[in-house]
Each structure stands twice: as structure tokens, then as C-alpha cells.
Amino acid sequence: MFELFTNEQRTQMVENFRVNATKHKAGEPKSDFKPVVRLFIPAGRVTWLLTEYDPEFGILFGLCDKGFGFPEVGNVALEELQAVTDASGINADATFQATKTLSEYAANARRDGCITV
């Protein structure tokens, strides 16, 4: 089975999730993290920029661009990504280094109709 991200990336996304879960419980604004992982399907414009991972429920959070011109911020199940990986061949961008926060990428993606990195 293809691993979508490294142990280091997984650890960082879990930590980001825990930080924001704690802030949510305290009624504080959530942190706007830089994406940790970029996944994409080479045959199209499908891209995910992920910032958080809830290991208990297998849910990731980030910016998703399914290639239809309407990128959105939200949750995606790890199981769903694994199914897409098996069917379509998701690639992990090993060279990706975020230069902006997720909200900055999202604003640009909404303006441009797609994620650009």
C-alpha cells in the first residue's frame, strides 16, 4: 500500500489537529497553518493541500481542488484518499514546501479557479 505521507508529516498534521482541537474547545480562533502535504493526480488538476490529521477518525483537513474550478477548504477521509490512490494514482509531492498559510492558498485558488503552488 502506497503511503500518502511520511511519518514526520503525519506527526506534524496530528500536532496541528491537536492544537486546533484545543483552541476550539477553549473558544479561541483556530491557527491558520501552512500546508504540510501536497497530494495530486498527475493526469488532471486534482490537488490536496493538507494541514491537519485526526488519527482517531482518519480525517484530514485542508484545501481540495477536484479540478472543476471550485477549490474548497474542508475535510477528507484518509480512506477516501486511499481508494483514489488505488484507482487513479495519487502522487505525494516530495519537494513541496509551503510558502503561505492554508487560507492564503485558498484565497488564491478561489481567485484563480485552481490551486497553484
# chains A, B, ... in the order shown; residues from 1 in each chain; ligands from 1
$ residues_around --residues "range 51-67 of chain A" --least-positions-apart "6" --cutoff "9 Å" --atoms "only C-alpha atoms" --output "compact mmCIF listing (two decimals) with all heavy atoms, in the first residue's frame"
# COMPACT_ATOMS: atom_id res chain seq x y z
N ARG A 10 2.93 13.10 9.02
CA ARG A 10 1.78 12.63 9.81
C ARG A 10 1.84 13.22 11.22
O ARG A 10 0.85 13.73 11.73
CB ARG A 10 1.78 11.10 9.87
CG ARG A 10 0.60 10.52 10.64
CD ARG A 10 0.72 9.00 10.80
NE ARG A 10 1.08 8.31 9.58
CZ ARG A 10 0.22 7.81 8.71
NH1 ARG A 10 -1.07 7.90 8.94
NH2 ARG A 10 0.65 7.20 7.62
N THR A 11 3.01 13.16 11.83
CA THR A 11 3.19 13.70 13.18
C THR A 11 2.86 15.19 13.22
O THR A 11 2.17 15.66 14.14
CB THR A 11 4.63 13.46 13.68
OG1 THR A 11 4.86 12.04 13.72
CG2 THR A 11 4.87 14.06 15.04
N GLN A 12 3.32 15.95 12.23
CA GLN A 12 3.06 17.39 12.19
C GLN A 12 1.57 17.67 12.02
O GLN A 12 1.00 18.54 12.68
CB GLN A 12 3.85 18.07 11.07
CG GLN A 12 3.66 19.58 11.02
CD GLN A 12 4.12 20.26 12.30
OE1 GLN A 12 5.27 20.12 12.68
NE2 GLN A 12 3.22 20.98 12.95
N MET A 13 0.91 16.91 11.14
CA MET A 13 -0.52 17.14 10.92
C MET A 13 -1.35 16.77 12.15
O MET A 13 -2.32 17.44 12.46
CB MET A 13 -1.00 16.38 9.68
CG MET A 13 -0.49 16.99 8.38
SD MET A 13 -1.25 16.31 6.90
CE MET A 13 -0.71 14.60 6.97
N VAL A 14 -0.95 15.71 12.87
CA VAL A 14 -1.63 15.34 14.11
C VAL A 14 -1.44 16.44 15.15
O VAL A 14 -2.39 16.83 15.84
CB VAL A 14 -1.14 13.97 14.64
CG1 VAL A 14 -1.63 13.72 16.06
CG2 VAL A 14 -1.59 12.85 13.71
N GLU A 15 -0.24 16.97 15.25
CA GLU A 15 0.03 18.06 16.19
C GLU A 15 -0.82 19.29 15.83
O GLU A 15 -1.41 19.92 16.72
CB GLU A 15 1.51 18.42 16.21
CG GLU A 15 1.85 19.59 17.10
CD GLU A 15 1.50 19.38 18.58
OE1 GLU A 15 1.40 18.23 19.04
OE2 GLU A 15 1.32 20.41 19.28
N ASN A 16 -0.89 19.63 14.54
CA ASN A 16 -1.73 20.75 14.11
C ASN A 16 -3.19 20.52 14.50
O ASN A 16 -3.87 21.43 14.97
CB ASN A 16 -1.62 20.96 12.60
CG ASN A 16 -0.27 21.48 12.17
OD1 ASN A 16 0.57 21.86 12.99
ND2 ASN A 16 -0.03 21.48 10.87
N PHE A 17 -3.66 19.29 14.29
CA PHE A 17 -5.04 18.95 14.66
C PHE A 17 -5.26 19.15 16.16
O PHE A 17 -6.26 19.74 16.58
CB PHE A 17 -5.37 17.50 14.27
CG PHE A 17 -6.63 17.01 14.90
CD1 PHE A 17 -7.87 17.41 14.42
CD2 PHE A 17 -6.59 16.17 16.00
CE1 PHE A 17 -9.04 16.98 15.03
CE2 PHE A 17 -7.75 15.72 16.60
CZ PHE A 17 -8.98 16.13 16.11
N ARG A 18 -4.33 18.66 16.96
CA ARG A 18 -4.47 18.77 18.41
C ARG A 18 -4.47 20.22 18.88
O ARG A 18 -5.22 20.60 19.78
CB ARG A 18 -3.40 17.95 19.11
CG ARG A 18 -3.65 16.46 18.93
CD ARG A 18 -2.69 15.60 19.69
NE ARG A 18 -3.09 14.21 19.52
CZ ARG A 18 -2.26 13.20 19.39
NH1 ARG A 18 -0.95 13.41 19.44
NH2 ARG A 18 -2.71 11.98 19.24
N ASN A 20 -5.48 22.84 17.15
CA ASN A 20 -6.76 23.47 16.80
C ASN A 20 -7.94 22.87 17.56
O ASN A 20 -8.89 23.59 17.87
CB ASN A 20 -6.98 23.43 15.29
CG ASN A 20 -6.31 24.60 14.61
OD1 ASN A 20 -5.98 25.59 15.26
ND2 ASN A 20 -6.11 24.51 13.31
N ASP A 32 -4.04 29.14 11.58
CA ASP A 32 -4.03 29.01 10.12
C ASP A 32 -2.66 28.49 9.73
O ASP A 32 -1.73 29.26 9.48
CB ASP A 32 -4.32 30.37 9.49
CG ASP A 32 -4.44 30.32 7.98
OD1 ASP A 32 -4.62 29.21 7.42
OD2 ASP A 32 -4.35 31.39 7.35
N PHE A 33 -2.53 27.17 9.69
CA PHE A 33 -1.23 26.54 9.44
C PHE A 33 -0.86 26.57 7.96
O PHE A 33 -1.72 26.65 7.08
CB PHE A 33 -1.26 25.08 9.89
CG PHE A 33 -1.45 24.90 11.36
CD1 PHE A 33 -2.64 24.41 11.87
CD2 PHE A 33 -0.43 25.21 12.24
CE1 PHE A 33 -2.82 24.24 13.22
CE2 PHE A 33 -0.60 25.04 13.61
CZ PHE A 33 -1.80 24.56 14.09
N LYS A 34 0.43 26.47 7.71
CA LYS A 34 0.90 26.23 6.35
C LYS A 34 0.64 24.76 6.03
O LYS A 34 0.75 23.90 6.91
CB LYS A 34 2.40 26.51 6.23
CG LYS A 34 2.76 27.97 6.29
CD LYS A 34 4.25 28.16 6.10
CE LYS A 34 4.61 29.63 6.11
NZ LYS A 34 6.06 29.83 5.93
N PRO A 35 0.28 24.44 4.78
CA PRO A 35 0.08 23.05 4.42
C PRO A 35 1.35 22.23 4.67
O PRO A 35 2.47 22.70 4.47
CB PRO A 35 -0.24 23.10 2.93
CG PRO A 35 -0.82 24.47 2.74
CD PRO A 35 -0.04 25.35 3.69
N VAL A 36 1.14 21.00 5.11
CA VAL A 36 2.23 20.08 5.40
C VAL A 36 2.47 19.14 4.21
O VAL A 36 3.60 18.76 3.93
CB VAL A 36 1.91 19.26 6.67
CG1 VAL A 36 2.99 18.24 6.97
CG2 VAL A 36 1.69 20.19 7.86
N VAL A 37 1.40 18.78 3.52
CA VAL A 37 1.46 17.78 2.45
C VAL A 37 0.74 18.30 1.22
O VAL A 37 -0.32 18.92 1.33
CB VAL A 37 0.78 16.47 2.91
CG1 VAL A 37 0.69 15.46 1.78
CG2 VAL A 37 1.49 15.86 4.10
N GLY A 44 -4.57 14.99 -14.11
CA GLY A 44 -5.57 16.06 -14.06
C GLY A 44 -5.11 17.19 -13.18
O GLY A 44 -3.94 17.30 -12.85
N ARG A 45 -6.06 18.02 -12.80
CA ARG A 45 -5.74 19.17 -11.95
C ARG A 45 -6.20 18.94 -10.52
O ARG A 45 -6.43 19.88 -9.78
CB ARG A 45 -6.39 20.43 -12.53
CG ARG A 45 -5.77 20.83 -13.86
CD ARG A 45 -6.43 22.00 -14.48
NE ARG A 45 -6.59 23.11 -13.55
CZ ARG A 45 -7.06 24.29 -13.89
NH1 ARG A 45 -7.42 24.52 -15.13
NH2 ARG A 45 -7.19 25.25 -13.00
N VAL A 73 -12.08 24.46 1.09
CA VAL A 73 -11.44 24.07 2.33
C VAL A 73 -12.40 23.15 3.07
O VAL A 73 -13.60 23.44 3.15
CB VAL A 73 -11.10 25.30 3.20
CG1 VAL A 73 -10.59 24.88 4.56
CG2 VAL A 73 -10.09 26.18 2.49
N GLY A 74 -11.87 22.03 3.58
CA GLY A 74 -12.74 21.12 4.31
C GLY A 74 -12.03 19.84 4.69
O GLY A 74 -10.80 19.74 4.64
N ASN A 75 -12.83 18.85 5.03
CA ASN A 75 -12.33 17.56 5.49
C ASN A 75 -12.38 16.53 4.37
O ASN A 75 -13.25 16.60 3.49
CB ASN A 75 -13.17 17.05 6.66
CG ASN A 75 -13.08 17.94 7.86
OD1 ASN A 75 -12.00 18.41 8.22
ND2 ASN A 75 -14.20 18.21 8.49
N VAL A 76 -11.48 15.57 4.45
CA VAL A 76 -11.48 14.42 3.56
C VAL A 76 -11.02 13.21 4.37
O VAL A 76 -10.12 13.32 5.20
CB VAL A 76 -10.58 14.66 2.32
CG1 VAL A 76 -9.12 14.86 2.70
CG2 VAL A 76 -10.71 13.53 1.32
N ALA A 77 -11.67 12.09 4.14
CA ALA A 77 -11.31 10.86 4.85
C ALA A 77 -10.06 10.25 4.25
O ALA A 77 -9.93 10.18 3.02
CB ALA A 77 -12.46 9.87 4.80
N LEU A 78 -9.16 9.82 5.11
CA LEU A 78 -7.96 9.13 4.64
C LEU A 78 -8.35 7.92 3.81
O LEU A 78 -7.73 7.64 2.77
CB LEU A 78 -7.09 8.72 5.83
CG LEU A 78 -5.81 7.96 5.50
CD1 LEU A 78 -4.90 8.77 4.58
CD2 LEU A 78 -5.08 7.59 6.79
N GLU A 79 -9.39 7.23 4.23
CA GLU A 79 -9.87 6.05 3.49
C GLU A 79 -10.28 6.42 2.06
O GLU A 79 -10.02 5.68 1.12
CB GLU A 79 -11.06 5.45 4.25
CG GLU A 79 -11.60 4.18 3.67
CD GLU A 79 -12.71 3.62 4.54
OE1 GLU A 79 -12.41 3.05 5.60
OE2 GLU A 79 -13.89 3.78 4.15
N LEU A 102 -2.74 28.12 4.79
CA LEU A 102 -3.82 27.47 4.05
C LEU A 102 -4.83 28.51 3.55
O LEU A 102 -5.28 28.42 2.40
CB LEU A 102 -4.52 26.44 4.93
CG LEU A 102 -5.57 25.60 4.21
CD1 LEU A 102 -4.91 24.70 3.18
CD2 LEU A 102 -6.38 24.78 5.20
N SER A 103 -5.17 29.49 4.38
CA SER A 103 -6.16 30.49 3.94
C SER A 103 -5.63 31.32 2.78
O SER A 103 -6.41 31.73 1.91
CB SER A 103 -6.60 31.37 5.10
OG SER A 103 -5.54 32.15 5.58
N TYR A 105 -3.47 30.17 0.43
CA TYR A 105 -3.61 29.29 -0.73
C TYR A 105 -5.06 29.22 -1.18
O TYR A 105 -5.36 29.24 -2.38
CB TYR A 105 -3.10 27.88 -0.42
CG TYR A 105 -1.61 27.70 -0.49
CD1 TYR A 105 -0.86 27.52 0.65
CD2 TYR A 105 -0.94 27.70 -1.72
CE1 TYR A 105 0.52 27.34 0.60
CE2 TYR A 105 0.44 27.53 -1.78
CZ TYR A 105 1.16 27.35 -0.62
OH TYR A 105 2.53 27.19 -0.68
N ALA A 106 -5.99 29.14 -0.22
CA ALA A 106 -7.42 29.05 -0.54
C ALA A 106 -7.91 30.31 -1.25
O ALA A 106 -8.64 30.22 -2.24
CB ALA A 106 -8.23 28.79 0.72
N ALA A 109 -6.60 30.21 -4.73
CA ALA A 109 -7.26 29.16 -5.50
C ALA A 109 -8.67 29.59 -5.92
O ALA A 109 -9.10 29.32 -7.05
CB ALA A 109 -7.31 27.86 -4.70
N GLY A 113 -9.38 29.80 -9.64
CA GLY A 113 -10.18 28.64 -10.04
C GLY A 113 -9.46 27.32 -9.88
O GLY A 113 -9.97 26.27 -10.28
N CYS A 114 -8.25 27.37 -9.31
CA CYS A 114 -7.49 26.14 -9.07
C CYS A 114 -6.34 26.44 -8.11
O CYS A 114 -5.97 27.59 -7.92
CB CYS A 114 -6.93 25.56 -10.36
SG CYS A 114 -5.71 26.61 -11.18
N ILE A 115 -5.81 25.37 -7.50
CA ILE A 115 -4.66 25.53 -6.61
C ILE A 115 -3.42 25.70 -7.47
O ILE A 115 -3.17 24.93 -8.40
CB ILE A 115 -4.50 24.29 -5.71
CG1 ILE A 115 -5.68 24.17 -4.76
CG2 ILE A 115 -3.18 24.38 -4.93
CD1 ILE A 115 -5.68 22.89 -3.93
$ atom_distance --atom1 "CA of Thr6 in chain A" --atom2 "CA of Lys23 in chain A"
25.8 Å
$ atom_distance --atom1 "CA of Phe40 in chain A" --atom2 "CA of Ala98 in chain A"
14.8 Å
$ select_by_dssp --residues "range 55-106 of chain A" --states "strand (DSSP E)" --output "PyMOL selection string"
chain A and resi 59-65+72-77+91-92
$ write_last_selection --atoms "all heavy atoms" --output "compact mmCIF listing (two decimals), in the first residue's frame"
# COMPACT_ATOMS: atom_id res chain seq x y z
N ILE A 59 -9.52 11.45 9.61
CA ILE A 59 -9.99 12.60 8.83
C ILE A 59 -8.86 13.62 8.68
O ILE A 59 -8.20 13.98 9.65
CB ILE A 59 -11.19 13.28 9.52
CG1 ILE A 59 -12.35 12.29 9.69
CG2 ILE A 59 -11.64 14.52 8.75
CD1 ILE A 59 -12.95 11.79 8.40
N LEU A 60 -8.67 14.07 7.46
CA LEU A 60 -7.69 15.10 7.15
C LEU A 60 -8.41 16.42 6.87
O LEU A 60 -9.58 16.42 6.48
CB LEU A 60 -6.88 14.71 5.91
CG LEU A 60 -6.02 13.47 6.10
CD1 LEU A 60 -6.05 12.61 4.87
CD2 LEU A 60 -4.61 13.88 6.46
N PHE A 61 -7.70 17.53 7.07
CA PHE A 61 -8.26 18.85 6.81
C PHE A 61 -7.32 19.60 5.89
O PHE A 61 -6.09 19.53 6.04
CB PHE A 61 -8.42 19.63 8.12
CG PHE A 61 -8.95 21.03 7.92
CD1 PHE A 61 -10.30 21.25 7.68
CD2 PHE A 61 -8.09 22.11 7.95
CE1 PHE A 61 -10.79 22.53 7.49
CE2 PHE A 61 -8.57 23.40 7.76
CZ PHE A 61 -9.92 23.60 7.54
N GLY A 62 -7.89 20.31 4.93
CA GLY A 62 -7.06 21.11 4.04
C GLY A 62 -7.86 21.69 2.89
O GLY A 62 -9.09 21.80 2.95
N LEU A 63 -7.14 22.05 1.85
CA LEU A 63 -7.72 22.64 0.65
C LEU A 63 -7.77 21.57 -0.43
O LEU A 63 -6.75 20.93 -0.72
CB LEU A 63 -6.85 23.82 0.20
CG LEU A 63 -7.24 24.54 -1.09
CD1 LEU A 63 -8.64 25.16 -1.00
CD2 LEU A 63 -6.20 25.62 -1.42
N CYS A 64 -8.95 21.36 -1.01
CA CYS A 64 -9.14 20.34 -2.03
C CYS A 64 -9.56 20.98 -3.34
O CYS A 64 -10.48 21.80 -3.37
CB CYS A 64 -10.22 19.35 -1.56
SG CYS A 64 -10.62 18.11 -2.80
N ASP A 65 -8.90 20.58 -4.40
CA ASP A 65 -9.23 21.05 -5.74
C ASP A 65 -9.48 19.82 -6.60
O ASP A 65 -8.56 19.11 -6.97
CB ASP A 65 -8.07 21.88 -6.30
CG ASP A 65 -8.35 22.43 -7.68
OD1 ASP A 65 -9.39 22.09 -8.29
OD2 ASP A 65 -7.50 23.20 -8.17
N GLU A 72 -12.07 24.04 -2.47
CA GLU A 72 -12.75 24.28 -1.21
C GLU A 72 -11.92 23.78 -0.03
O GLU A 72 -11.17 22.82 -0.16
CB GLU A 72 -14.12 23.62 -1.19
CG GLU A 72 -14.08 22.13 -1.37
CD GLU A 72 -15.46 21.50 -1.49
OE1 GLU A 72 -16.47 22.23 -1.53
OE2 GLU A 72 -15.52 20.27 -1.53
N VAL A 73 -12.08 24.46 1.09
CA VAL A 73 -11.44 24.07 2.33
C VAL A 73 -12.40 23.15 3.07
O VAL A 73 -13.60 23.44 3.15
CB VAL A 73 -11.10 25.30 3.20
CG1 VAL A 73 -10.59 24.88 4.56
CG2 VAL A 73 -10.09 26.18 2.49
N GLY A 74 -11.87 22.03 3.58
CA GLY A 74 -12.74 21.12 4.31
C GLY A 74 -12.03 19.84 4.69
O GLY A 74 -10.80 19.74 4.64
N ASN A 75 -12.83 18.85 5.03
CA ASN A 75 -12.33 17.56 5.49
C ASN A 75 -12.38 16.53 4.37
O ASN A 75 -13.25 16.60 3.49
CB ASN A 75 -13.17 17.05 6.66
CG ASN A 75 -13.08 17.94 7.86
OD1 ASN A 75 -12.00 18.41 8.22
ND2 ASN A 75 -14.20 18.21 8.49
N VAL A 76 -11.48 15.57 4.45
CA VAL A 76 -11.48 14.42 3.56
C VAL A 76 -11.02 13.21 4.37
O VAL A 76 -10.12 13.32 5.20
CB VAL A 76 -10.58 14.66 2.32
CG1 VAL A 76 -9.12 14.86 2.70
CG2 VAL A 76 -10.71 13.53 1.32
N ALA A 77 -11.67 12.09 4.14
CA ALA A 77 -11.31 10.86 4.85
C ALA A 77 -10.06 10.25 4.25
O ALA A 77 -9.93 10.18 3.02
CB ALA A 77 -12.46 9.87 4.80
N ASN A 91 -0.18 11.03 -6.29
CA ASN A 91 1.24 11.20 -6.01
C ASN A 91 1.41 12.17 -4.85
O ASN A 91 0.66 13.13 -4.72
CB ASN A 91 1.99 11.76 -7.22
CG ASN A 91 2.19 10.74 -8.31
OD1 ASN A 91 1.88 9.58 -8.16
ND2 ASN A 91 2.70 11.20 -9.43
N ALA A 92 2.42 11.93 -4.04
CA ALA A 92 2.81 12.87 -2.99
C ALA A 92 3.96 13.70 -3.54
O ALA A 92 4.90 13.17 -4.13
CB ALA A 92 3.24 12.11 -1.75
$ select_by_dssp --residues "chain A" --states "helix (DSSP H, G or I)" --output "PDB file with N, CA and C atoms, in the first residue's frame"
ATOM      1  N   ASN A   7       6.092   9.691   8.036  1.00  0.00           N
ATOM      2  CA  ASN A   7       5.801   9.714   9.478  1.00  0.00           C
ATOM      3  C   ASN A   7       5.960  11.121  10.040  1.00  0.00           C
ATOM      4  N   GLU A   8       6.965  11.845   9.574  1.00  0.00           N
ATOM      5  CA  GLU A   8       7.179  13.223  10.033  1.00  0.00           C
ATOM      6  C   GLU A   8       5.998  14.115   9.660  1.00  0.00           C
ATOM      7  N   GLN A   9       5.521  13.987   8.435  1.00  0.00           N
ATOM      8  CA  GLN A   9       4.367  14.771   8.003  1.00  0.00           C
ATOM      9  C   GLN A   9       3.125  14.393   8.806  1.00  0.00           C
ATOM     10  N   ARG A  10       2.926  13.096   9.016  1.00  0.00           N
ATOM     11  CA  ARG A  10       1.783  12.630   9.807  1.00  0.00           C
ATOM     12  C   ARG A  10       1.843  13.221  11.219  1.00  0.00           C
ATOM     13  N   THR A  11       3.011  13.159  11.835  1.00  0.00           N
ATOM     14  CA  THR A  11       3.189  13.701  13.182  1.00  0.00           C
ATOM     15  C   THR A  11       2.862  15.190  13.221  1.00  0.00           C
ATOM     16  N   GLN A  12       3.324  15.950  12.234  1.00  0.00           N
ATOM     17  CA  GLN A  12       3.055  17.393  12.190  1.00  0.00           C
ATOM     18  C   GLN A  12       1.569  17.669  12.015  1.00  0.00           C
ATOM     19  N   MET A  13       0.909  16.914  11.138  1.00  0.00           N
ATOM     20  CA  MET A  13      -0.522  17.139  10.917  1.00  0.00           C
ATOM     21  C   MET A  13      -1.347  16.765  12.149  1.00  0.00           C
ATOM     22  N   VAL A  14      -0.947  15.706  12.865  1.00  0.00           N
ATOM     23  CA  VAL A  14      -1.630  15.340  14.108  1.00  0.00           C
ATOM     24  C   VAL A  14      -1.439  16.436  15.147  1.00  0.00           C
ATOM     25  N   GLU A  15      -0.239  16.968  15.247  1.00  0.00           N
ATOM     26  CA  GLU A  15       0.025  18.063  16.190  1.00  0.00           C
ATOM     27  C   GLU A  15      -0.823  19.287  15.834  1.00  0.00           C
ATOM     28  N   ASN A  16      -0.893  19.626  14.543  1.00  0.00           N
ATOM     29  CA  ASN A  16      -1.729  20.753  14.111  1.00  0.00           C
ATOM     30  C   ASN A  16      -3.187  20.518  14.498  1.00  0.00           C
ATOM     31  N   PHE A  17      -3.662  19.290  14.292  1.00  0.00           N
ATOM     32  CA  PHE A  17      -5.041  18.949  14.665  1.00  0.00           C
ATOM     33  C   PHE A  17      -5.259  19.152  16.160  1.00  0.00           C
ATOM     34  N   ARG A  18      -4.329  18.665  16.958  1.00  0.00           N
ATOM     35  CA  ARG A  18      -4.474  18.772  18.415  1.00  0.00           C
ATOM     36  C   ARG A  18      -4.466  20.224  18.884  1.00  0.00           C
ATOM     37  N   VAL A  19      -3.614  21.040  18.283  1.00  0.00           N
ATOM     38  CA  VAL A  19      -3.577  22.465  18.617  1.00  0.00           C
ATOM     39  C   VAL A  19      -4.935  23.096  18.335  1.00  0.00           C
ATOM     40  N   ASN A  20      -5.482  22.841  17.154  1.00  0.00           N
ATOM     41  CA  ASN A  20      -6.757  23.467  16.802  1.00  0.00           C
ATOM     42  C   ASN A  20      -7.936  22.874  17.564  1.00  0.00           C
ATOM     43  N   ALA A  21      -7.876  21.601  17.908  1.00  0.00           N
ATOM     44  CA  ALA A  21      -8.936  21.000  18.727  1.00  0.00           C
ATOM     45  C   ALA A  21      -8.955  21.647  20.111  1.00  0.00           C
ATOM     46  N   THR A  22      -7.782  21.879  20.671  1.00  0.00           N
ATOM     47  CA  THR A  22      -7.677  22.533  21.974  1.00  0.00           C
ATOM     48  C   THR A  22      -8.203  23.964  21.902  1.00  0.00           C
ATOM     49  N   LYS A  23      -7.830  24.682  20.849  1.00  0.00           N
ATOM     50  CA  LYS A  23      -8.306  26.059  20.685  1.00  0.00           C
ATOM     51  C   LYS A  23      -9.823  26.091  20.505  1.00  0.00           C
ATOM     52  N   HIS A  24     -10.347  25.133  19.747  1.00  0.00           N
ATOM     53  CA  HIS A  24     -11.801  25.075  19.528  1.00  0.00           C
ATOM     54  C   HIS A  24     -12.536  24.870  20.847  1.00  0.00           C
ATOM     55  N   LYS A  25     -12.047  23.953  21.661  1.00  0.00           N
ATOM     56  CA  LYS A  25     -12.674  23.676  22.965  1.00  0.00           C
ATOM     57  C   LYS A  25     -12.613  24.890  23.889  1.00  0.00           C
ATOM     58  N   LEU A  78      -9.158   9.824   5.109  1.00  0.00           N
ATOM     59  CA  LEU A  78      -7.957   9.134   4.640  1.00  0.00           C
ATOM     60  C   LEU A  78      -8.347   7.919   3.808  1.00  0.00           C
ATOM     61  N   GLU A  79      -9.389   7.225   4.227  1.00  0.00           N
ATOM     62  CA  GLU A  79      -9.874   6.047   3.491  1.00  0.00           C
ATOM     63  C   GLU A  79     -10.277   6.419   2.062  1.00  0.00           C
ATOM     64  N   GLU A  80     -10.903   7.578   1.898  1.00  0.00           N
ATOM     65  CA  GLU A  80     -11.300   8.050   0.576  1.00  0.00           C
ATOM     66  C   GLU A  80     -10.072   8.330  -0.296  1.00  0.00           C
ATOM     67  N   LEU A  81      -9.076   8.977   0.279  1.00  0.00           N
ATOM     68  CA  LEU A  81      -7.846   9.245  -0.476  1.00  0.00           C
ATOM     69  C   LEU A  81      -7.143   7.943  -0.855  1.00  0.00           C
ATOM     70  N   GLN A  82      -7.151   6.987   0.064  1.00  0.00           N
ATOM     71  CA  GLN A  82      -6.516   5.703  -0.232  1.00  0.00           C
ATOM     72  C   GLN A  82      -7.236   5.004  -1.380  1.00  0.00           C
ATOM     73  N   ALA A  83      -8.564   5.098  -1.429  1.00  0.00           N
ATOM     74  CA  ALA A  83      -9.333   4.500  -2.527  1.00  0.00           C
ATOM     75  C   ALA A  83      -9.001   5.184  -3.851  1.00  0.00           C
ATOM     76  N   VAL A  84      -8.864   6.512  -3.819  1.00  0.00           N
ATOM     77  CA  VAL A  84      -8.494   7.245  -5.032  1.00  0.00           C
ATOM     78  C   VAL A  84      -7.075   6.862  -5.452  1.00  0.00           C
ATOM     79  N   THR A  85      -6.204   6.684  -4.480  1.00  0.00           N
ATOM     80  CA  THR A  85      -4.829   6.290  -4.772  1.00  0.00           C
ATOM     81  C   THR A  85      -4.813   4.957  -5.500  1.00  0.00           C
ATOM     82  N   ASP A  86      -5.586   4.015  -5.028  1.00  0.00           N
ATOM     83  CA  ASP A  86      -5.637   2.697  -5.643  1.00  0.00           C
ATOM     84  C   ASP A  86      -6.209   2.756  -7.052  1.00  0.00           C
ATOM     85  N   ALA A  87      -7.177   3.655  -7.281  1.00  0.00           N
ATOM     86  CA  ALA A  87      -7.854   3.734  -8.575  1.00  0.00           C
ATOM     87  C   ALA A  87      -7.153   4.669  -9.572  1.00  0.00           C
ATOM     88  N   SER A  88      -6.649   5.797  -9.101  1.00  0.00           N
ATOM     89  CA  SER A  88      -6.157   6.829 -10.020  1.00  0.00           C
ATOM     90  C   SER A  88      -4.685   7.171  -9.893  1.00  0.00           C
ATOM     91  N   LEU A 102      -2.737  28.121   4.793  1.00  0.00           N
ATOM     92  CA  LEU A 102      -3.821  27.474   4.055  1.00  0.00           C
ATOM     93  C   LEU A 102      -4.830  28.505   3.553  1.00  0.00           C
ATOM     94  N   SER A 103      -5.173  29.487   4.383  1.00  0.00           N
ATOM     95  CA  SER A 103      -6.161  30.487   3.943  1.00  0.00           C
ATOM     96  C   SER A 103      -5.634  31.324   2.776  1.00  0.00           C
ATOM     97  N   GLU A 104      -4.335  31.556   2.736  1.00  0.00           N
ATOM     98  CA  GLU A 104      -3.755  32.290   1.603  1.00  0.00           C
ATOM     99  C   GLU A 104      -3.816  31.451   0.323  1.00  0.00           C
ATOM    100  N   TYR A 105      -3.469  30.173   0.434  1.00  0.00           N
ATOM    101  CA  TYR A 105      -3.606  29.289  -0.734  1.00  0.00           C
ATOM    102  C   TYR A 105      -5.061  29.221  -1.182  1.00  0.00           C
ATOM    103  N   ALA A 106      -5.993  29.141  -0.216  1.00  0.00           N
ATOM    104  CA  ALA A 106      -7.417  29.049  -0.540  1.00  0.00           C
ATOM    105  C   ALA A 106      -7.906  30.308  -1.255  1.00  0.00           C
ATOM    106  N   ALA A 107      -7.510  31.466  -0.764  1.00  0.00           N
ATOM    107  CA  ALA A 107      -7.920  32.722  -1.405  1.00  0.00           C
ATOM    108  C   ALA A 107      -7.410  32.790  -2.843  1.00  0.00           C
ATOM    109  N   ASN A 108      -6.163  32.407  -3.042  1.00  0.00           N
ATOM    110  CA  ASN A 108      -5.595  32.406  -4.395  1.00  0.00           C
ATOM    111  C   ASN A 108      -6.297  31.382  -5.286  1.00  0.00           C
ATOM    112  N   ALA A 109      -6.599  30.206  -4.725  1.00  0.00           N
ATOM    113  CA  ALA A 109      -7.261  29.158  -5.504  1.00  0.00           C
ATOM    114  C   ALA A 109      -8.668  29.585  -5.919  1.00  0.00           C
ATOM    115  N   ARG A 110      -9.379  30.239  -5.019  1.00  0.00           N
ATOM    116  CA  ARG A 110     -10.723  30.720  -5.360  1.00  0.00           C
ATOM    117  C   ARG A 110     -10.642  31.779  -6.461  1.00  0.00           C
ATOM    118  N   ARG A 111      -9.672  32.653  -6.358  1.00  0.00           N
ATOM    119  CA  ARG A 111      -9.480  33.701  -7.374  1.00  0.00           C
ATOM    120  C   ARG A 111      -9.121  33.106  -8.726  1.00  0.00           C
ATOM    121  N   ASP A 112      -8.214  32.102  -8.717  1.00  0.00           N
ATOM    122  CA  ASP A 112      -7.687  31.528  -9.957  1.00  0.00           C
ATOM    123  C   ASP A 112      -8.508  30.345 -10.468  1.00  0.00           C
TER     124      ASP A 112
END
$ atom_distance --atom1 "CA of Arg38 in chain A" --atom2 "CA of Val117 in chain A"
9.3 Å
$ closest_residue --among "A:Phe70, A:Thr47, A:Gly27, A:Ile41" --to "Ile90 in chain A" --atoms "only C-alpha atoms"
A:Ile41
$ closest_residue --among "A:Ala43, A:Glu28, A:Thr116, A:Phe5" --to "Thr99 in chain A" --atoms "only C-alpha atoms"
A:Thr116
